[in-house]
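Novice: work14.cif is the file, holding mmCIF, C-alpha atoms; chains and numbers go by the auth columns:
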```cif
data_structure
#
loop_
_atom_site.group_PDB
_atom_site.id
_atom_site.type_symbol
_atom_site.label_atom_id
_atom_site.label_comp_id
_atom_site.label_asym_id
_atom_site.label_seq_id
_atom_site.Cartn_x
_atom_site.Cartn_y
_atom_site.Cartn_z
_atom_site.B_iso_or_equiv
_atom_site.auth_seq_id
_atom_site.auth_asym_id
ATOM 1 C CA LEU A 1 -56.185 -16.555 76.937 0.00 161 A
ATOM 2 C CA GLY A 2 -52.508 -15.914 77.450 0.00 162 A
ATOM 3 C CA GLN A 3 -50.137 -17.899 79.589 0.00 163 A
ATOM 4 C CA GLU A 4 -49.275 -15.084 82.022 0.00 164 A
ATOM 5 C CA THR A 5 -50.233 -15.586 85.619 0.00 165 A
ATOM 6 C CA ALA A 6 -52.193 -13.174 87.708 0.00 166 A
ATOM 7 C CA PRO A 7 -50.597 -11.789 90.877 0.00 167 A
ATOM 8 C CA GLU A 8 -52.998 -13.848 92.975 0.00 168 A
ATOM 9 C CA ALA A 9 -55.378 -16.740 92.421 0.00 169 A
ATOM 10 C CA ALA A 10 -58.990 -16.022 91.554 0.00 170 A
ATOM 11 C CA PHE A 11 -61.997 -18.227 91.116 0.00 171 A
ATOM 12 C CA VAL A 12 -64.143 -16.912 88.298 0.00 172 A
ATOM 13 C CA PRO A 13 -67.478 -18.590 87.584 0.00 173 A
ATOM 14 C CA VAL A 14 -68.062 -19.132 83.884 0.00 174 A
ATOM 15 C CA LEU A 15 -71.467 -20.788 83.799 0.00 175 A
ATOM 16 C CA ARG A 16 -74.149 -19.132 85.908 0.00 176 A
ATOM 17 C CA ALA A 17 -77.673 -20.445 86.307 0.00 177 A
ATOM 18 C CA ASP A 18 -79.097 -16.922 86.524 0.00 178 A
ATOM 19 C CA ARG A 19 -77.407 -15.533 83.355 0.00 179 A
ATOM 20 C CA PRO A 20 -77.270 -16.398 79.666 0.00 180 A
ATOM 21 C CA GLU A 21 -74.137 -18.350 78.764 0.00 181 A
ATOM 22 C CA GLU A 22 -72.754 -15.664 76.415 0.00 182 A
ATOM 23 C CA SER A 23 -72.895 -12.822 78.941 0.00 183 A
ATOM 24 C CA ALA A 24 -71.562 -15.047 81.754 0.00 184 A
ATOM 25 C CA LEU A 25 -68.576 -16.057 79.590 0.00 185 A
ATOM 26 C CA VAL A 26 -67.782 -12.464 78.551 0.00 186 A
ATOM 27 C CA SER A 27 -68.026 -11.339 82.191 0.00 187 A
ATOM 28 C CA ALA A 28 -65.704 -14.135 83.308 0.00 188 A
ATOM 29 C CA VAL A 29 -63.089 -13.339 80.656 0.00 189 A
ATOM 30 C CA ALA A 30 -63.330 -9.613 81.467 0.00 190 A
ATOM 31 C CA ARG A 31 -62.822 -10.370 85.162 0.00 191 A
ATOM 32 C CA LEU A 32 -59.713 -12.397 84.320 0.00 192 A
ATOM 33 C CA CYS A 33 -58.437 -9.487 82.206 0.00 193 A
ATOM 34 C CA THR A 34 -58.818 -7.104 85.157 0.00 194 A
ATOM 35 C CA ARG A 35 -56.827 -9.581 87.271 0.00 195 A
ATOM 36 C CA GLY A 36 -53.856 -9.338 84.902 0.00 196 A
ATOM 37 C CA VAL A 37 -54.454 -12.216 82.481 0.00 197 A
ATOM 38 C CA THR A 38 -53.699 -11.243 78.875 0.00 198 A
ATOM 39 C CA VAL A 39 -56.708 -11.813 76.647 0.00 199 A
ATOM 40 C CA ASP A 40 -56.602 -11.948 72.859 0.00 200 A
ATOM 41 C CA TRP A 41 -59.779 -9.931 72.405 0.00 201 A
ATOM 42 C CA GLU A 42 -59.642 -10.067 68.601 0.00 202 A
ATOM 43 C CA ALA A 43 -59.700 -13.869 68.714 0.00 203 A
ATOM 44 C CA PHE A 44 -62.326 -13.873 71.454 0.00 204 A
ATOM 45 C CA PHE A 45 -64.730 -11.677 69.468 0.00 205 A
ATOM 46 C CA ALA A 46 -63.865 -13.074 66.008 0.00 206 A
ATOM 47 C CA GLY A 47 -66.993 -13.545 63.915 0.00 207 A
ATOM 48 C CA SER A 48 -69.236 -11.692 66.368 0.00 208 A
ATOM 49 C CA GLY A 49 -69.309 -8.376 64.492 0.00 209 A
ATOM 50 C CA ALA A 50 -67.741 -6.553 67.448 0.00 210 A
ATOM 51 C CA ARG A 51 -65.381 -3.728 66.538 0.00 211 A
ATOM 52 C CA ARG A 52 -63.102 -1.264 68.311 0.00 212 A
ATOM 53 C CA VAL A 53 -64.384 2.247 68.923 0.00 213 A
ATOM 54 C CA ASP A 54 -62.497 5.313 70.072 0.00 214 A
ATOM 55 C CA LEU A 55 -63.387 6.550 73.527 0.00 215 A
ATOM 56 C CA PRO A 56 -62.628 9.932 75.046 0.00 216 A
ATOM 57 C CA THR A 57 -59.130 9.838 76.489 0.00 217 A
ATOM 58 C CA TYR A 58 -59.730 12.491 79.097 0.00 218 A
ATOM 59 C CA ALA A 59 -62.786 12.401 81.316 0.00 219 A
ATOM 60 C CA PHE A 60 -62.996 16.159 81.797 0.00 220 A
ATOM 61 C CA GLN A 61 -62.819 17.382 78.204 0.00 221 A
ATOM 62 C CA ARG A 62 -65.829 19.624 78.773 0.00 222 A
ATOM 63 C CA ARG A 63 -67.531 17.972 75.817 0.00 223 A
ATOM 64 C CA ARG A 64 -71.119 17.001 76.435 0.00 224 A
ATOM 65 C CA TYR A 65 -72.637 13.961 74.802 0.00 225 A
ATOM 66 C CA TRP A 66 -76.091 14.365 76.329 0.00 226 A
ATOM 67 C CA VAL A 67 -79.065 16.032 74.733 0.00 227 A
ATOM 68 C CA ASP A 68 -79.913 19.305 76.427 0.00 228 A
ATOM 69 C CA VAL A 69 -83.361 19.138 77.954 0.00 229 A
ATOM 70 C CA ARG A 70 -85.161 22.392 77.614 0.00 230 A
ATOM 71 C CA PRO A 71 -88.367 23.263 79.390 0.00 231 A
ATOM 72 C CA HIS A 72 -91.040 22.929 76.817 0.00 232 A
ATOM 73 C CA THR A 73 -94.530 24.205 76.551 0.00 233 A
ATOM 74 C CA GLY A 74 -95.851 21.613 74.186 0.00 234 A
ATOM 75 C CA ASP A 75 -99.367 20.885 73.121 0.00 235 A
ATOM 76 C CA VAL A 76 -101.157 20.262 76.413 0.00 236 A
ATOM 77 C CA THR A 77 -104.367 19.259 74.639 0.00 237 A
ATOM 78 C CA ALA A 78 -102.718 15.901 73.844 0.00 238 A
ATOM 79 C CA VAL A 79 -103.083 14.924 77.518 0.00 239 A
ATOM 80 C CA GLY A 80 -106.593 16.286 78.014 0.00 240 A
ATOM 81 C CA LEU A 81 -105.693 19.772 79.176 0.00 241 A
ATOM 82 C CA GLY A 82 -106.708 23.076 77.672 0.00 242 A
ATOM 83 C CA ALA A 83 -104.381 25.997 77.075 0.00 243 A
ATOM 84 C CA ALA A 84 -104.515 28.589 79.856 0.00 244 A
ATOM 85 C CA ASP A 85 -103.646 31.488 77.528 0.00 245 A
ATOM 86 C CA HIS A 86 -101.591 33.175 80.240 0.00 246 A
ATOM 87 C CA PRO A 87 -97.816 33.722 80.543 0.00 247 A
ATOM 88 C CA LEU A 88 -97.644 32.278 84.086 0.00 248 A
ATOM 89 C CA LEU A 89 -100.022 29.368 83.558 0.00 249 A
ATOM 90 C CA GLY A 90 -99.407 26.363 81.369 0.00 250 A
ATOM 91 C CA ALA A 91 -102.736 24.580 81.282 0.00 251 A
ATOM 92 C CA ALA A 92 -106.309 24.436 82.518 0.00 252 A
ATOM 93 C CA VAL A 93 -108.567 21.464 83.104 0.00 253 A
ATOM 94 C CA ALA A 94 -112.142 21.222 84.293 0.00 254 A
ATOM 95 C CA VAL A 95 -112.517 19.348 87.580 0.00 255 A
ATOM 96 C CA GLY A 96 -114.811 16.382 86.951 0.00 256 A
ATOM 97 C CA GLY A 97 -118.255 16.509 88.558 0.00 257 A
ATOM 98 C CA THR A 98 -117.929 20.156 89.572 0.00 258 A
ATOM 99 C CA ASP A 99 -117.915 23.626 88.076 0.00 259 A
ATOM 100 C CA GLY A 100 -114.295 24.025 89.206 0.00 260 A
ATOM 101 C CA VAL A 101 -111.238 24.564 87.059 0.00 261 A
ATOM 102 C CA LEU A 102 -107.669 23.580 87.845 0.00 262 A
ATOM 103 C CA LEU A 103 -105.038 25.985 86.548 0.00 263 A
ATOM 104 C CA THR A 104 -101.442 24.819 86.513 0.00 264 A
ATOM 105 C CA GLY A 105 -98.061 26.033 85.386 0.00 265 A
ATOM 106 C CA ARG A 106 -94.359 25.826 86.003 0.00 266 A
ATOM 107 C CA LEU A 107 -92.438 28.817 87.256 0.00 267 A
ATOM 108 C CA SER A 108 -88.663 28.777 87.345 0.00 268 A
ATOM 109 C CA VAL A 109 -85.756 31.062 86.611 0.00 269 A
ATOM 110 C CA GLN A 110 -85.141 29.047 83.432 0.00 270 A
ATOM 111 C CA THR A 111 -88.656 29.603 82.062 0.00 271 A
ATOM 112 C CA HIS A 112 -89.145 33.083 83.554 0.00 272 A
ATOM 113 C CA PRO A 113 -85.694 34.734 83.885 0.00 273 A
ATOM 114 C CA TRP A 114 -87.178 37.883 85.459 0.00 274 A
ATOM 115 C CA LEU A 115 -87.808 35.860 88.634 0.00 275 A
ATOM 116 C CA ALA A 116 -84.077 36.158 89.392 0.00 276 A
ATOM 117 C CA ASP A 117 -84.712 39.833 90.156 0.00 277 A
ATOM 118 C CA TYR A 118 -86.783 38.874 93.220 0.00 278 A
ATOM 119 C CA VAL A 119 -84.306 37.387 95.683 0.00 279 A
ATOM 120 C CA VAL A 120 -84.716 37.652 99.450 0.00 280 A
ATOM 121 C CA GLN A 121 -81.935 36.279 101.670 0.00 281 A
ATOM 122 C CA GLY A 122 -80.623 34.116 98.818 0.00 282 A
ATOM 123 C CA SER A 123 -83.989 32.602 97.843 0.00 283 A
ATOM 124 C CA VAL A 124 -85.913 33.435 94.677 0.00 284 A
ATOM 125 C CA LEU A 125 -89.486 34.423 95.527 0.00 285 A
ATOM 126 C CA LEU A 126 -92.580 34.947 93.418 0.00 286 A
ATOM 127 C CA PRO A 127 -93.596 38.592 93.828 0.00 287 A
ATOM 128 C CA GLY A 128 -96.905 39.277 95.538 0.00 288 A
ATOM 129 C CA THR A 129 -98.261 40.982 92.444 0.00 289 A
ATOM 130 C CA ALA A 130 -97.842 37.702 90.534 0.00 290 A
ATOM 131 C CA PHE A 131 -100.095 35.976 93.082 0.00 291 A
ATOM 132 C CA VAL A 132 -102.671 38.741 92.576 0.00 292 A
ATOM 133 C CA GLU A 133 -102.414 38.249 88.803 0.00 293 A
ATOM 134 C CA LEU A 134 -102.954 34.483 89.185 0.00 294 A
ATOM 135 C CA ALA A 135 -106.022 35.053 91.397 0.00 295 A
ATOM 136 C CA VAL A 136 -107.480 37.533 88.888 0.00 296 A
ATOM 137 C CA ARG A 137 -106.866 35.071 86.016 0.00 297 A
ATOM 138 C CA ALA A 138 -108.562 32.266 87.955 0.00 298 A
ATOM 139 C CA GLY A 139 -111.535 34.543 88.640 0.00 299 A
ATOM 140 C CA ASP A 140 -111.760 35.505 84.984 0.00 300 A
ATOM 141 C CA ARG A 141 -111.645 31.861 83.967 0.00 301 A
ATOM 142 C CA VAL A 142 -114.567 30.778 86.159 0.00 302 A
ATOM 143 C CA GLY A 143 -116.567 33.986 85.713 0.00 303 A
#
```
In structure tokens, how does this file's structure come out?

Specialist:
Amino acid sequence: LGQETAPEAAFVPVLRADRPEESALVSAVARLCTRGVTVDWEAFFAGSGARRVDLPTYAFQRRRYWVDVRPHTGDVTAVGLGAADHPLLGAAVAVGGTDGVLLTGRLSVQTHPWLADYVVQGSVLLPGTAFVELAVRAGDRVG
């Protein structure tokens, strides 16, 4: 650590009963650095394998580093469901102990862009004919 003094005194715990010694020491030195104490980081991390990495210099570069999550219609049989074989329904499963069937699916503007054509007072609605289609499909499924 350098010989410069911080603008004000600070008490920084180095050994903590609730933390491993290494992480407590690094946290303490980092806290001193944020208080204005010059730290020779190269000497501090010598032999540890730590290395410098470039970070974005501007927070709003409009560059994304996250993986885009896309709605997926994967293999539903892997979780015990059967395919519904219908564009509005994702899966079907028999209700245990009964003759019933549960049909499920996910409807959104991302998965079904045509839904954006059915807006009433600013809210996207499922058209009534889609409900009729779902009822007919359920009836077909159970006979």

Novice: Mind pulling up the distance from atom CA of A:Leu275 to atom CA of A:Val292?

Specialist: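 Computing it gives 15.6 Å between the two atoms.
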
Novice: Looking at all atoms listed in the file, which of A:Leu248, A:Ala298, A:Leu286, A:Ala170 is the one that sits closest to A:Gly196?

Specialist: A:Ala170

Novice: Find the residue from A:Gly207, A:Gly288, A:Pro173, A:Gly299 that sits nearest to A:Leu263; use only C-alpha atoms when measuring.

Specialist: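 Checking each candidate against A:Leu263, we get A:Gly299 as the closest.
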
Novice: So how many Å separate atom CA of A:Val197 and atom CA of A:Leu185, to one decimal?

Specialist: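 Computing it gives 14.9 Å between the two atoms.
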
Novice: Please measure the separation of atom CA of A:Glu181 and atom CA of A:Asp200, giving the value in Å to one decimal.

Specialist: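 Going from atom CA of A:Glu181 over to atom CA of A:Asp200, I get 19.6 Å.
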
Novice: Please list, as number ranges by chain, the residues that have an atom at most 8 Å away from (-59.7, -15.9, 88.5) in the coordinates of this file, counting only C-alpha atoms.

Specialist: A: 169-172, 191-192, 195

Novice: Which residues, written as a list in words, have at least one atom at most 12 Å from A:Val284, with all atoms listed in the file counted and residues fewer than 6 positions away on the same chain left out?

Specialist: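 Close residues of A:Val284: Leu267, Ser268, Val269, His272, Pro273, Trp274, Leu275, Ala276, Asp277 and Tyr278 of chain A.
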
Novice: With only C-alpha atoms as the basis for distance, which of A:Pro180, A:Pro247, A:Gly256, A:Gly209 is at the shortest distance from A:Ala290?

Specialist: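 Of A:Pro180, A:Pro247, A:Gly256, A:Gly209, the one nearest A:Ala290 is A:Pro247, counting only C-alpha atoms.
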
Novice: With the file shown as input, list the residues that the PyMOL selection byres ((chain A and resi 262) around 12) selects, as a PyMOL selection string.

Specialist: chain A and resi 241-244+249-256+258-261+263-265+294+297-299+301-302

Novice: Padding 5 Å on every side, please: axis-aligned box over the listed atoms of stretch 173-184 of chain A, centre and edge lengths to one decimal in Å, as AutoDock Vina command-line options.

Specialist:
```
--center_x -73.3 --center_y -16.8 --center_z 82.0 --size_x 21.6 --size_y 18.0 --size_z 21.2
```
